[in-house]
Structures are given as structure tokens and as C-alpha cells.
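Contents: one structure, followed by commentary.
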Amino acid sequence: EAGVVQSPRYKIIEKKQPVAFWCNPISGHNTLYWYRQNLGQGPELLIRYENEEAVDDSQLPKDRFSAERLKGVDSTLKIQPAELGDSAVYLCASSLRGRANTEAFFGQGTRLTVV
Amino acid sequence: LAKTTQPISMDSYEGQEVNITCSHNNIATNDYITWYQQFPSQGPRFIIQGYKTKVTNEVASLFIPADRKSSTLSLPRVSLSDTAVYYCLVGALNQGGKLIFGQGTELSVKP
């Protein structure tokens, strides 16, 4: 079974440009997470979806970041406009809701460099 | 959400047993303890999870004392390929579903 798939793997853009990241979670996983990871730090949760509903977006910088999860499957995270400080790895993860002891599966991430 | 504290870094040599301890004094009754491993340029990967006492799988063992205020990840006979960052997480995914990562422990295994 395929794991969590993210694209692109790498992206270099100039500041003030828009950028989008795509995530395809594991089939049947109703919970989807987007994380941002800066160098030397642990992943920081940006947003969590239960099916198509964003149930926790308290850490998402809403002035420039947006996300959607159409039909409760694939998800897109967008930054517009990008700033130099947005350079990081953006990770997507998915899990099955309903069990306290479930695990989350992560994609390889998208490394964003803003120049 | 319970906060976790773990050492920033640890060094070891091939063939040794490595124990990484995580402190989680405010763990809630429904919380599970989960450890993830992350290699450079990859997303975190689930290693082991437990609620109490001891859990063992093909990769590691997890020891949890009765008060559950701490836990120890034990990696037997480490190899160079075990060099990675190890994260301890506490929570119950069916209650809020949050996965909160701390800074993790950077384990360096030397020949």
C-alpha cells in the first residue's frame, strides 16, 4: 500500500510569489495533518482535518496561508505571498480517527526555499 | 496537553544499548505515549507506542513506570543507521487528535 504522498519534493521561489503543496493521504485515513518543520526543530502543527472539516487551524498564519481538503481526501496547502521566513519543510501526515492508540503516517515532505 | 521533556542529544557506539528517557509529568489518563524516529530529509516514522508497563516490538522496547510520568525508549544494539532524531509524544488521538512534537533527541551512533 502506498504511503502518504507529497509533491513537489523541493520548491524554490522568490519572495512574494505564491506556492502550493499537495498531499495524498493513505486511503481510508480520515484525519490529515499539515506540519511545518524548521531546521533543527520538531514539526509544528499548522492545521488538522477530520474528513473535509478543518478542526484545528489555530497555528495557521491565516493572513498568508490557506488550506483545503476537497471531498475529505487530497489536501492542498497554499502560501500567498511567500516570505523569507517561510523557508522550511512542510510535512503532511494522516491517521485513522476513532482509536486512542492509532499512529500517524508522514510523507517525505516538501522542502521550500524562499529567496 | 501534556508537555514532554527529553535530552537534546545523545552519543553512542555501535552495538550498545541506548535508552532515551522522556518526562511527561502532566500525562492524562487517556493519553498514550508514542515515539517517532526521523532521519534527515524524511518525515517522522512511528516506532512504538504504549500505555503502561512494557511494550516490545522488532525495533525497540518502551518502558513505562506505574505513575506514567516518564517513559524510556530502549534501542538494543544500535547501529550507524539508528542515527536519527527521536521524538516522544503524549496524547490520545481520538480526543482532539493533536500530535505535538517537542525538539526531540538527536542520537548519534559512532563506529
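Going by the C-alpha cells order, chains are called A, B, ..., each with residues numbered from 1, while ligands are numbered from 1 in the order shown.
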
Could you tell me which residues of chain B sit within 12 Å of chain A when counting only C-alpha atoms, and give me the result as a PDB file with N, CA, C and O atoms, in the first residue's frame?
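Generated output (selection39.pdb):
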ATOM      1  N   ILE B   8      18.406  16.804  24.626  1.00  0.00           N
ATOM      2  CA  ILE B   8      18.583  17.364  23.284  1.00  0.00           C
ATOM      3  C   ILE B   8      19.398  16.423  22.402  1.00  0.00           C
ATOM      4  O   ILE B   8      19.093  16.236  21.229  1.00  0.00           O
ATOM      5  N   SER B   9      20.429  15.809  22.976  1.00  0.00           N
ATOM      6  CA  SER B   9      21.293  14.941  22.171  1.00  0.00           C
ATOM      7  C   SER B   9      21.883  13.832  23.021  1.00  0.00           C
ATOM      8  O   SER B   9      21.954  13.945  24.250  1.00  0.00           O
ATOM      9  N   THR B  29      -5.097  10.609  31.885  1.00  0.00           N
ATOM     10  CA  THR B  29      -5.494   9.210  31.992  1.00  0.00           C
ATOM     11  C   THR B  29      -5.632   8.541  30.633  1.00  0.00           C
ATOM     12  O   THR B  29      -5.265   7.382  30.464  1.00  0.00           O
ATOM     13  N   ASN B  30      -6.157   9.254  29.658  1.00  0.00           N
ATOM     14  CA  ASN B  30      -6.405   8.665  28.347  1.00  0.00           C
ATOM     15  C   ASN B  30      -5.227   8.752  27.386  1.00  0.00           C
ATOM     16  O   ASN B  30      -5.316   8.267  26.256  1.00  0.00           O
ATOM     17  N   ASP B  31      -4.143   9.377  27.817  1.00  0.00           N
ATOM     18  CA  ASP B  31      -3.010   9.590  26.916  1.00  0.00           C
ATOM     19  C   ASP B  31      -2.208   8.319  26.692  1.00  0.00           C
ATOM     20  O   ASP B  31      -1.964   7.547  27.622  1.00  0.00           O
ATOM     21  N   TYR B  32      -1.776   8.154  25.452  1.00  0.00           N
ATOM     22  CA  TYR B  32      -0.794   7.137  25.111  1.00  0.00           C
ATOM     23  C   TYR B  32       0.567   7.815  24.916  1.00  0.00           C
ATOM     24  O   TYR B  32       0.646   9.019  24.686  1.00  0.00           O
ATOM     25  N   ILE B  33       1.619   7.027  25.011  1.00  0.00           N
ATOM     26  CA  ILE B  33       2.977   7.525  24.805  1.00  0.00           C
ATOM     27  C   ILE B  33       3.484   6.915  23.501  1.00  0.00           C
ATOM     28  O   ILE B  33       3.462   5.694  23.332  1.00  0.00           O
ATOM     29  N   THR B  34       3.895   7.778  22.604  1.00  0.00           N
ATOM     30  CA  THR B  34       4.311   7.337  21.282  1.00  0.00           C
ATOM     31  C   THR B  34       5.680   7.908  20.951  1.00  0.00           C
ATOM     32  O   THR B  34       5.953   9.066  21.255  1.00  0.00           O
ATOM     33  N   TRP B  35       6.507   7.099  20.343  1.00  0.00           N
ATOM     34  CA  TRP B  35       7.828   7.550  19.910  1.00  0.00           C
ATOM     35  C   TRP B  35       7.915   7.480  18.391  1.00  0.00           C
ATOM     36  O   TRP B  35       7.500   6.497  17.773  1.00  0.00           O
ATOM     37  N   TYR B  36       8.491   8.557  17.841  1.00  0.00           N
ATOM     38  CA  TYR B  36       8.735   8.629  16.414  1.00  0.00           C
ATOM     39  C   TYR B  36      10.238   8.805  16.170  1.00  0.00           C
ATOM     40  O   TYR B  36      10.962   9.362  16.991  1.00  0.00           O
ATOM     41  N   GLN B  37      10.661   8.341  15.012  1.00  0.00           N
ATOM     42  CA  GLN B  37      12.056   8.448  14.572  1.00  0.00           C
ATOM     43  C   GLN B  37      12.071   9.263  13.292  1.00  0.00           C
ATOM     44  O   GLN B  37      11.199   9.082  12.434  1.00  0.00           O
ATOM     45  N   GLN B  38      13.040  10.158  13.171  1.00  0.00           N
ATOM     46  CA  GLN B  38      13.135  10.935  11.947  1.00  0.00           C
ATOM     47  C   GLN B  38      14.569  10.983  11.445  1.00  0.00           C
ATOM     48  O   GLN B  38      15.479  11.428  12.151  1.00  0.00           O
ATOM     49  N   PHE B  39      14.734  10.531  10.197  1.00  0.00           N
ATOM     50  CA  PHE B  39      16.024  10.622   9.516  1.00  0.00           C
ATOM     51  C   PHE B  39      16.059  11.923   8.724  1.00  0.00           C
ATOM     52  O   PHE B  39      15.004  12.472   8.365  1.00  0.00           O
ATOM     53  N   PRO B  40      17.241  12.420   8.422  1.00  0.00           N
ATOM     54  CA  PRO B  40      17.326  13.647   7.609  1.00  0.00           C
ATOM     55  C   PRO B  40      16.598  13.488   6.282  1.00  0.00           C
ATOM     56  O   PRO B  40      16.621  12.426   5.661  1.00  0.00           O
ATOM     57  N   SER B  41      15.906  14.523   5.912  1.00  0.00           N
ATOM     58  CA  SER B  41      15.175  14.591   4.636  1.00  0.00           C
ATOM     59  C   SER B  41      14.017  13.605   4.548  1.00  0.00           C
ATOM     60  O   SER B  41      13.565  13.274   3.443  1.00  0.00           O
ATOM     61  N   GLN B  42      13.546  13.133   5.691  1.00  0.00           N
ATOM     62  CA  GLN B  42      12.376  12.262   5.700  1.00  0.00           C
ATOM     63  C   GLN B  42      11.389  12.735   6.757  1.00  0.00           C
ATOM     64  O   GLN B  42      11.751  13.440   7.694  1.00  0.00           O
ATOM     65  N   GLY B  43      10.137  12.299   6.612  1.00  0.00           N
ATOM     66  CA  GLY B  43       9.154  12.586   7.629  1.00  0.00           C
ATOM     67  C   GLY B  43       9.330  11.648   8.815  1.00  0.00           C
ATOM     68  O   GLY B  43       9.954  10.591   8.696  1.00  0.00           O
ATOM     69  N   PRO B  44       8.787  12.018   9.974  1.00  0.00           N
ATOM     70  CA  PRO B  44       8.879  11.133  11.143  1.00  0.00           C
ATOM     71  C   PRO B  44       8.221   9.778  10.871  1.00  0.00           C
ATOM     72  O   PRO B  44       7.252   9.688  10.105  1.00  0.00           O
ATOM     73  N   ARG B  45       8.750   8.764  11.526  1.00  0.00           N
ATOM     74  CA  ARG B  45       8.231   7.405  11.352  1.00  0.00           C
ATOM     75  C   ARG B  45       7.910   6.823  12.720  1.00  0.00           C
ATOM     76  O   ARG B  45       8.715   6.911  13.650  1.00  0.00           O
ATOM     77  N   PHE B  46       6.737   6.235  12.845  1.00  0.00           N
ATOM     78  CA  PHE B  46       6.300   5.620  14.095  1.00  0.00           C
ATOM     79  C   PHE B  46       7.250   4.488  14.483  1.00  0.00           C
ATOM     80  O   PHE B  46       7.632   3.666  13.648  1.00  0.00           O
ATOM     81  N   ILE B  47       7.663   4.476  15.768  1.00  0.00           N
ATOM     82  CA  ILE B  47       8.498   3.378  16.256  1.00  0.00           C
ATOM     83  C   ILE B  47       7.707   2.469  17.169  1.00  0.00           C
ATOM     84  O   ILE B  47       7.655   1.260  16.967  1.00  0.00           O
ATOM     85  N   ILE B  48       7.120   3.051  18.215  1.00  0.00           N
ATOM     86  CA  ILE B  48       6.497   2.232  19.244  1.00  0.00           C
ATOM     87  C   ILE B  48       5.524   3.086  20.036  1.00  0.00           C
ATOM     88  O   ILE B  48       5.667   4.320  20.100  1.00  0.00           O
ATOM     89  N   GLN B  49       4.551   2.428  20.615  1.00  0.00           N
ATOM     90  CA  GLN B  49       3.543   3.132  21.405  1.00  0.00           C
ATOM     91  C   GLN B  49       3.132   2.265  22.585  1.00  0.00           C
ATOM     92  O   GLN B  49       3.094   1.035  22.472  1.00  0.00           O
ATOM     93  N   GLY B  50       2.835   2.921  23.704  1.00  0.00           N
ATOM     94  CA  GLY B  50       2.411   2.159  24.878  1.00  0.00           C
ATOM     95  C   GLY B  50       1.545   2.970  25.803  1.00  0.00           C
ATOM     96  O   GLY B  50       1.497   4.217  25.706  1.00  0.00           O
ATOM     97  N   TYR B  51       0.886   2.283  26.702  1.00  0.00           N
ATOM     98  CA  TYR B  51       0.065   2.951  27.707  1.00  0.00           C
ATOM     99  C   TYR B  51       0.650   2.760  29.112  1.00  0.00           C
ATOM    100  O   TYR B  51       0.715   3.694  29.894  1.00  0.00           O
ATOM    101  N   ALA B  84      19.592   9.314  14.247  1.00  0.00           N
ATOM    102  CA  ALA B  84      18.349   9.984  13.872  1.00  0.00           C
ATOM    103  C   ALA B  84      17.894  10.857  15.034  1.00  0.00           C
ATOM    104  O   ALA B  84      18.525  10.889  16.084  1.00  0.00           O
ATOM    105  N   VAL B  85      16.801  11.548  14.830  1.00  0.00           N
ATOM    106  CA  VAL B  85      16.161  12.303  15.917  1.00  0.00           C
ATOM    107  C   VAL B  85      14.967  11.495  16.400  1.00  0.00           C
ATOM    108  O   VAL B  85      14.188  10.985  15.582  1.00  0.00           O
ATOM    109  N   TYR B  86      14.839  11.365  17.702  1.00  0.00           N
ATOM    110  CA  TYR B  86      13.767  10.584  18.311  1.00  0.00           C
ATOM    111  C   TYR B  86      12.854  11.513  19.103  1.00  0.00           C
ATOM    112  O   TYR B  86      13.301  12.275  19.955  1.00  0.00           O
ATOM    113  N   TYR B  87      11.565  11.414  18.801  1.00  0.00           N
ATOM    114  CA  TYR B  87      10.572  12.273  19.441  1.00  0.00           C
ATOM    115  C   TYR B  87       9.644  11.450  20.332  1.00  0.00           C
ATOM    116  O   TYR B  87       9.161  10.390  19.930  1.00  0.00           O
ATOM    117  N   CYS B  88       9.385  11.993  21.491  1.00  0.00           N
ATOM    118  CA  CYS B  88       8.421  11.415  22.428  1.00  0.00           C
ATOM    119  C   CYS B  88       7.161  12.273  22.379  1.00  0.00           C
ATOM    120  O   CYS B  88       7.230  13.495  22.528  1.00  0.00           O
ATOM    121  N   LEU B  89       6.007  11.642  22.159  1.00  0.00           N
ATOM    122  CA  LEU B  89       4.745  12.369  22.107  1.00  0.00           C
ATOM    123  C   LEU B  89       3.761  11.747  23.078  1.00  0.00           C
ATOM    124  O   LEU B  89       3.745  10.528  23.268  1.00  0.00           O
ATOM    125  N   VAL B  90       2.942  12.588  23.659  1.00  0.00           N
ATOM    126  CA  VAL B  90       1.916  12.123  24.595  1.00  0.00           C
ATOM    127  C   VAL B  90       0.571  12.672  24.155  1.00  0.00           C
ATOM    128  O   VAL B  90       0.431  13.867  23.926  1.00  0.00           O
ATOM    129  N   GLY B  91      -0.411  11.803  24.049  1.00  0.00           N
ATOM    130  CA  GLY B  91      -1.740  12.259  23.669  1.00  0.00           C
ATOM    131  C   GLY B  91      -2.635  11.096  23.327  1.00  0.00           C
ATOM    132  O   GLY B  91      -2.206   9.950  23.262  1.00  0.00           O
ATOM    133  N   ALA B  92      -3.884  11.414  23.113  1.00  0.00           N
ATOM    134  CA  ALA B  92      -4.868  10.409  22.708  1.00  0.00           C
ATOM    135  C   ALA B  92      -5.480  10.887  21.410  1.00  0.00           C
ATOM    136  O   ALA B  92      -6.187  11.889  21.379  1.00  0.00           O
ATOM    137  N   LEU B  93      -5.210  10.181  20.334  1.00  0.00           N
ATOM    138  CA  LEU B  93      -5.606  10.668  19.027  1.00  0.00           C
ATOM    139  C   LEU B  93      -7.103  10.665  18.800  1.00  0.00           C
ATOM    140  O   LEU B  93      -7.585  11.247  17.851  1.00  0.00           O
ATOM    141  N   ASN B  94      -7.854  10.006  19.643  1.00  0.00           N
ATOM    142  CA  ASN B  94      -9.300  10.046  19.450  1.00  0.00           C
ATOM    143  C   ASN B  94      -9.930  11.145  20.296  1.00  0.00           C
ATOM    144  O   ASN B  94     -11.122  11.274  20.344  1.00  0.00           O
ATOM    145  N   GLN B  95      -9.117  11.959  20.917  1.00  0.00           N
ATOM    146  CA  GLN B  95      -9.606  13.084  21.702  1.00  0.00           C
ATOM    147  C   GLN B  95      -8.838  14.321  21.293  1.00  0.00           C
ATOM    148  O   GLN B  95      -7.833  14.667  21.875  1.00  0.00           O
ATOM    149  N   GLY B  96      -9.306  14.961  20.251  1.00  0.00           N
ATOM    150  CA  GLY B  96      -8.596  16.146  19.776  1.00  0.00           C
ATOM    151  C   GLY B  96      -7.615  15.819  18.683  1.00  0.00           C
ATOM    152  O   GLY B  96      -7.370  16.619  17.808  1.00  0.00           O
ATOM    153  N   GLY B  97      -7.047  14.660  18.718  1.00  0.00           N
ATOM    154  CA  GLY B  97      -6.191  14.225  17.622  1.00  0.00           C
ATOM    155  C   GLY B  97      -4.916  14.986  17.461  1.00  0.00           C
ATOM    156  O   GLY B  97      -4.295  14.930  16.422  1.00  0.00           O
ATOM    157  N   LYS B  98      -4.453  15.708  18.452  1.00  0.00           N
ATOM    158  CA  LYS B  98      -3.245  16.505  18.269  1.00  0.00           C
ATOM    159  C   LYS B  98      -1.995  15.654  18.411  1.00  0.00           C
ATOM    160  O   LYS B  98      -1.887  14.824  19.295  1.00  0.00           O
ATOM    161  N   LEU B  99      -1.070  15.886  17.515  1.00  0.00           N
ATOM    162  CA  LEU B  99       0.257  15.302  17.617  1.00  0.00           C
ATOM    163  C   LEU B  99       1.213  16.461  17.810  1.00  0.00           C
ATOM    164  O   LEU B  99       1.526  17.164  16.862  1.00  0.00           O
ATOM    165  N   ILE B 100       1.649  16.670  19.034  1.00  0.00           N
ATOM    166  CA  ILE B 100       2.527  17.795  19.337  1.00  0.00           C
ATOM    167  C   ILE B 100       3.948  17.283  19.532  1.00  0.00           C
ATOM    168  O   ILE B 100       4.212  16.486  20.430  1.00  0.00           O
ATOM    169  N   PHE B 101       4.845  17.773  18.694  1.00  0.00           N
ATOM    170  CA  PHE B 101       6.242  17.371  18.756  1.00  0.00           C
ATOM    171  C   PHE B 101       7.050  18.376  19.560  1.00  0.00           C
ATOM    172  O   PHE B 101       6.857  19.577  19.438  1.00  0.00           O
ATOM    173  N   GLY B 102       7.967  17.861  20.371  1.00  0.00           N
ATOM    174  CA  GLY B 102       8.943  18.726  21.018  1.00  0.00           C
ATOM    175  C   GLY B 102      10.170  18.826  20.123  1.00  0.00           C
ATOM    176  O   GLY B 102      10.091  18.599  18.915  1.00  0.00           O
ATOM    177  N   GLN B 103      11.299  19.115  20.738  1.00  0.00           N
ATOM    178  CA  GLN B 103      12.522  19.282  19.961  1.00  0.00           C
ATOM    179  C   GLN B 103      13.187  17.948  19.631  1.00  0.00           C
ATOM    180  O   GLN B 103      13.984  17.850  18.712  1.00  0.00           O
ATOM    181  N   GLY B 104      12.852  16.900  20.393  1.00  0.00           N
ATOM    182  CA  GLY B 104      13.408  15.594  20.122  1.00  0.00           C
ATOM    183  C   GLY B 104      14.809  15.409  20.663  1.00  0.00           C
ATOM    184  O   GLY B 104      15.446  16.344  21.148  1.00  0.00           O
ATOM    185  N   THR B 105      15.280  14.174  20.587  1.00  0.00           N
ATOM    186  CA  THR B 105      16.630  13.808  20.994  1.00  0.00           C
ATOM    187  C   THR B 105      17.412  13.386  19.764  1.00  0.00           C
ATOM    188  O   THR B 105      17.019  12.439  19.074  1.00  0.00           O
ATOM    189  N   GLU B 106      18.496  14.071  19.508  1.00  0.00           N
ATOM    190  CA  GLU B 106      19.334  13.715  18.359  1.00  0.00           C
ATOM    191  C   GLU B 106      20.341  12.668  18.808  1.00  0.00           C
ATOM    192  O   GLU B 106      21.249  12.944  19.588  1.00  0.00           O
TER     193      GLU B 106
END

- Can you check which residues of chain B DSSP gives as strand (DSSP E or B) on the backbone and send them as a ChimeraX atom specification? /B:5,9-13,18-23,32-38,45-50,53-56,61-64,70-75,84-91,105-110

For the selection just defined, write its residues with C-alpha atoms to a file, as a tab-separated table (two decimals), in the first residue's frame.
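Printed below is again-v4.tsv as written:
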chain	number	residue	atom	x	y	z
B	5	THR	CA	10.97	16.85	28.12
B	9	SER	CA	21.29	14.94	22.17
B	10	MET	CA	22.94	11.63	22.98
B	11	ASP	CA	26.02	9.84	21.70
B	12	SER	CA	26.54	6.10	21.49
B	13	TYR	CA	28.67	3.48	19.80
B	18	VAL	CA	20.63	3.17	24.08
B	19	ASN	CA	18.00	4.39	26.50
B	20	ILE	CA	16.26	7.71	25.91
B	21	THR	CA	14.07	8.94	28.72
B	22	CYS	CA	11.16	11.29	28.28
B	23	SER	CA	9.48	13.16	31.11
B	32	TYR	CA	-0.79	7.14	25.11
B	33	ILE	CA	2.98	7.52	24.81
B	34	THR	CA	4.31	7.34	21.28
B	35	TRP	CA	7.83	7.55	19.91
B	36	TYR	CA	8.74	8.63	16.41
B	37	GLN	CA	12.06	8.45	14.57
B	38	GLN	CA	13.13	10.94	11.95
B	45	ARG	CA	8.23	7.41	11.35
B	46	PHE	CA	6.30	5.62	14.09
B	47	ILE	CA	8.50	3.38	16.26
B	48	ILE	CA	6.50	2.23	19.24
B	49	GLN	CA	3.54	3.13	21.40
B	50	GLY	CA	2.41	2.16	24.88
B	53	THR	CA	4.34	-1.24	31.77
B	54	LYS	CA	6.40	-2.56	28.88
B	55	VAL	CA	5.91	-2.82	25.15
B	56	THR	CA	8.35	-4.50	22.78
B	61	SER	CA	11.18	-1.51	23.78
B	62	LEU	CA	9.21	1.04	25.71
B	63	PHE	CA	9.25	1.08	29.48
B	64	ILE	CA	6.57	2.98	31.36
B	70	SER	CA	8.06	9.27	32.32
B	71	SER	CA	8.93	6.68	29.72
B	72	THR	CA	12.12	5.18	28.34
B	73	LEU	CA	12.73	4.16	24.78
B	74	SER	CA	15.28	1.38	24.60
B	75	LEU	CA	17.15	0.60	21.38
B	84	ALA	CA	18.35	9.98	13.87
B	85	VAL	CA	16.16	12.30	15.92
B	86	TYR	CA	13.77	10.58	18.31
B	87	TYR	CA	10.57	12.27	19.44
B	88	CYS	CA	8.42	11.42	22.43
B	89	LEU	CA	4.75	12.37	22.11
B	90	VAL	CA	1.92	12.12	24.60
B	91	GLY	CA	-1.74	12.26	23.67
B	105	THR	CA	16.63	13.81	20.99
B	106	GLU	CA	19.33	13.71	18.36
B	107	LEU	CA	21.04	10.35	18.65
B	108	SER	CA	24.47	9.99	17.10
B	109	VAL	CA	25.86	6.47	16.77
B	110	LYS	CA	29.58	6.25	16.18

- Task: Mind giving me the straight-line distance from CA of Ser27 in chain A to CA of Val73 in chain A in Å, one decimal?
- Result: 8.0 Å

- Interatomic distance between CA of Pro61 in chain A and CA of Val114 in chain A? 16.7 Å
